[in-house]
Structure formats: structure tokens, C-alpha cells
Amino acid sequence: MSELFLPKDYTSEDVPVNENNPDIIYLDLYKPRTVYYNMTATFNGRQLDKDVPLKVQLGYGHKPLNLNNIKDIRFTAAKPDGTGVQTIGEYKIFNPIAGLVYVTIPAATFSAPGMLYFNLQVITNDEQLLSSNTCYFEVEASFARAVFNAGNYDTEIEAAKKQALANIEKFNSDVNSRLESANALAQGIENSNHVLAQAVDDNAKAVQAGLVPTNGGANVFTGPNTFQKLLTLAAGLNLTSPLTVDGTAINLPEMLQKLNDAIDKLNHIFDGDGIGADTDFNNLENGIHLLYVTQKTVGKGHNFPVLDNSKDNENVSMYGVLFQFGNKNKFPVAFQLYFNVAGSTDSSIYLRQKAGNGSGDWGGWSNWTVNK
């Protein structure tokens with residue numbers, strides 16, 4: 001266990017707990033004694049933990065604190081690496097009269113192993129600020145960090161990031177290539193339409209200048225014919241011989257089939273795995289995913305980029321592309337990259353990663369990082 005540092009004349013004691021539930025710690029904001037509270041018997045952390053709920057009963061002067069008159073409860077911590085972290089609005093009251101509340105400990109708290117010191121601050125509607133005694137617990141090093149040795153961890157991450165950017169560049173190249181193919185295909189369809197229109201026109205001219213058919217009768221055309229009025233074939237057209245224009249045979253069924261095949265290719269040129277508002281980004285397969293959300297509610301904890309996943313997000317509209325790739329058997333890092341597309345002015349790339357651990361399983365995803 002890491003070394004404990006106490007101010008002068010301070011002592012260390014186990015943190016008090018609720019008399020009916022030892023899993024709930026009790027903090028009196030009146031701070032009646034000069035003590036630091038040891039959380040070891042009740043709570044400890046590990047690197048890569050994220051959004052951990054801490055069950056707390058708040059009191060003042062040995063009585064439960066009424067939480068109906070508070071504006072905010074903040075978790076403020078000094079980390080082992082010398083940096084700090086503070087939350088704003090990250091709590092959930094489940095019994096205001098009894099002072100019972102869940103306080104969220106964010107992922108940044110668990111970034112470095114060692115002794116962590118924290119207190120809770122309560123801001124009332126009257127702008128009073130009340131703080132608890134200092135508490136402390138040990139952040140244990142994560143096994144997921146152990147899969148990289150200290151000498152090449154950063155190098156491997158940088159290499160993976162470069163590979164991710166190279167994959168994005170390749171994707172852009174593939175998209176441009178497919179767009180060029182689509183343009184060429186569309187031009188081919190247009191040329192085929194011109195050929196077909198010319199064939200029909202040439203055929204009409206070939207029929208002109210011949211025997212006028214008998215109205216309502218059966219007619220056999222043995223030479224060129226001219227029709228000065230619109231020709232209507234109410235029962236269809238049956239050709240017993242191939243259609244020939246200027247000596248060139250025209251196979252209409254084959255031409256129509258090729259046209260339908262070309263249109264079908266266009267329809268599927270940008271196929272992808274569609275995902276929506278009920279998608280959990282932590283449970284996606286490798287590949288390309290097309291996100292389409294229109295005025296939907298994205299539930300708390302779905303791990304969307306851009307959004308605040310600690311709460312439900314209402315009336316969300318997002319359209320974007322997500323790439324996920326990684327193989328813990330070949331290279332123990334996986335990546336997700338996301339960027340908005342149609343209708344957005346946000347050109348940022350959102351990137352996060354996870355690592356394989358020593359037992360062959362994946363660790364948790366990191367927070368989303370924004371690359372402008």
C-alpha cells in the first residue's frame with residue numbers, strides 16, 4: 001500500500017458507515033474531528049475503472065442533511081500523479097430526507113496508481129459551500145496496463161494511431177475510386193439510353209414509307225411502311241425474329257437486364273452496417289457502421305461519441321460513420337474512429353481505444369478523444 005500523508009495533529013480512522021447498511025459511508029459536513037477517513041474496508045479502485053457510483057449518506061451536526069435544498073454535489077480529488085479532478089452535477093439522490101445519494105467517481109480519477117485523496121463538496125441553494133472530511137483509498141494498477149512494457153508502450157500506441165490514420169486515408173481513396181466507378185457507370189447508362197433511343201428512332205424511320213395497315217384488320221408487312229400517326233400496340237409487340245437496326249441486331253431483354261444490374265450496383269455502392277439510437281458503442285463488431293439517428297432519445301450509458309453518456313440525451317439527430325478495427329491475437333489494441341457526415345459542420349474525428357489484457361480478454365474502452 002502507498003505511503004499515507006497526514007497533516008499535523010491529524011489521525012486516520014476507518015470511514016464511518018450507515019448503521020443499517022455498511023456499504024453506505026457516512027460523512028458529516030460539520031467535520032467534528034480532525035481525521036482522515038480510510039476507505040479500505042469499504043471501497044478501493046483500480047486503473048481503467050470508469051463512472052463508479054459511491055453510495056454516501058450526508059449529515060450535518062450528527063443529523064441527516066436534507067438534500068432538497070442543495071444545488072450541486074461535487075467530487076474533488078488529488079490524484080497520485082499530482083493532478084486533480086472535480087465533477088459537477090455527477091450525482092443521483094435516492095432519498096433526500098435521509099441524505100442518501102450516489103456520487104459518480106469519473107474515469108479520470110483512476111488514471112494513475114497510488115494513494116488518492118478526496119472530499120465531497122455540497123453547494124446549497126443559498127450558495128453555502130459545505131465540505132466533508134478528507135477520505136483516501138488506494139488505486140490499484142490495472143493488469144491491462146501490464147500487456148505493454150514501459151519501453152515500447154508509447155511507441156506502439158503511436159504506431160497504431162498512424163495505422164488508423166493510414167486506414168482513414170485508404171478509406172477516402174476507396175470512396176473516391178467508387179465514386180469514379182459510379183460516375184463511369186452512370187455515363188455508361190446514359191450512353192445506353194442514347195443508343196436505345198436512336199435504335200427506336202431508326203426503327204420508326206424504317207417502318208415509315210410503306211403499306212398503310214388496314215384499320216382493325218390483320219396486316220403483314222413485307223416491305224417498308226410509313227405511319228403518319230401515333231402507332232399504338234394495345235396487345236403488346238411480339239417479334240419472331242431479332243430486331244435489327246442498320247444491320248445491327250438489338251437484343252432488348254439483354255439491354256434491359258444490363259440496365260437493371262447497373263442500377264442495382266448504384267443502389268448498393270455505399271452499403272454498410274446500419275446502427276441507430278439503441279446501439280451500444282461498447283458492443284460493436286469490427287467493420288464500417290453507418291449511424292443514422294433522427295430526433296431520437298439516446299439512452300444513458302450507450303457510449304456515443306459527442307454525447308454526454310451519463311444521462312439520457314433527448315431529441316438527438318446524428319449522421320456519421322464509425323470504423324472499428326483491432327485483433328488482440330495479432331496486435332493487442334482496438335480502435336474506434338467516428339466522424340459526422342451529412343448536415344454537420346463538425347469536422348472533428350473522435351477516437352478511442354481499448355487494450356487486451358494478460359488473460360486474453362479485452363479491457364474497457366478509453367474516453368473519446370477529439371481531434372480537430
# chains A, B, ... in the order shown; residues from 1 in each chain; ligands from 1
call {"tool": "residues_around", "arguments": {"residues": "Ile123 in chain A", "least_positions_apart": "6", "cutoff": "10 Å", "atoms": "only C-alpha atoms", "output": "ChimeraX atom specification"}}
result
/A:69-74,129-131
call {"tool": "select_by_dssp", "arguments": {"residues": "range 4-182 of chain A", "states": "strand (DSSP E or B)", "output": "count of residues only"}}
result
67
call {"tool": "residues_around", "arguments": {"residues": "Ser348 in chain A", "least_positions_apart": "5", "cutoff": "8 Å", "atoms": "only C-alpha atoms", "output": "JSON, numbers by chain"}}
result
{"A": [339, 340, 370, 371, 372]}
call {"tool": "residues_around", "arguments": {"residues": "Phe43 in chain A", "least_positions_apart": "4", "cutoff": "9 Å", "atoms": "only C-alpha atoms", "output": "number ranges by chain"}}
result
A: 23, 39, 54, 137-138
call {"tool": "residues_around", "arguments": {"residues": "Gly82 in chain A", "least_positions_apart": "5", "cutoff": "12 Å", "atoms": "only C-alpha atoms", "output": "PyMOL selection string"}}
result
chain A and resi 77+109+111-117
call {"tool": "residues_around", "arguments": {"residues": "Leu65 in chain A", "least_positions_apart": "2", "cutoff": "8 Å", "atoms": "only C-alpha atoms", "output": "VMD selection string"}}
result
chain A and resid 58 to 60 63 67 96 to 99
call {"tool": "residues_around", "arguments": {"residues": "Phe304 in chain A", "least_positions_apart": "3", "cutoff": "9 Å", "atoms": "only C-alpha atoms", "output": "list in words"}}
result
Thr279, Asp280, Phe281, Asn282, Val298, Gly301, Leu307, Asp308, Asn309 and Trp368 of chain A
call {"tool": "select_by_dssp", "arguments": {"residues": "range 6-187 of chain A", "states": "helix (DSSP H, G or I)", "output": "PyMOL selection string"}}
result
chain A and resi 67-69+107-110+143-147+153-187
call {"tool": "atom_distance", "arguments": {"atom1": "CA of Glu140 in chain A", "atom2": "CA of Asn119 in chain A"}}
result
19.5 Å
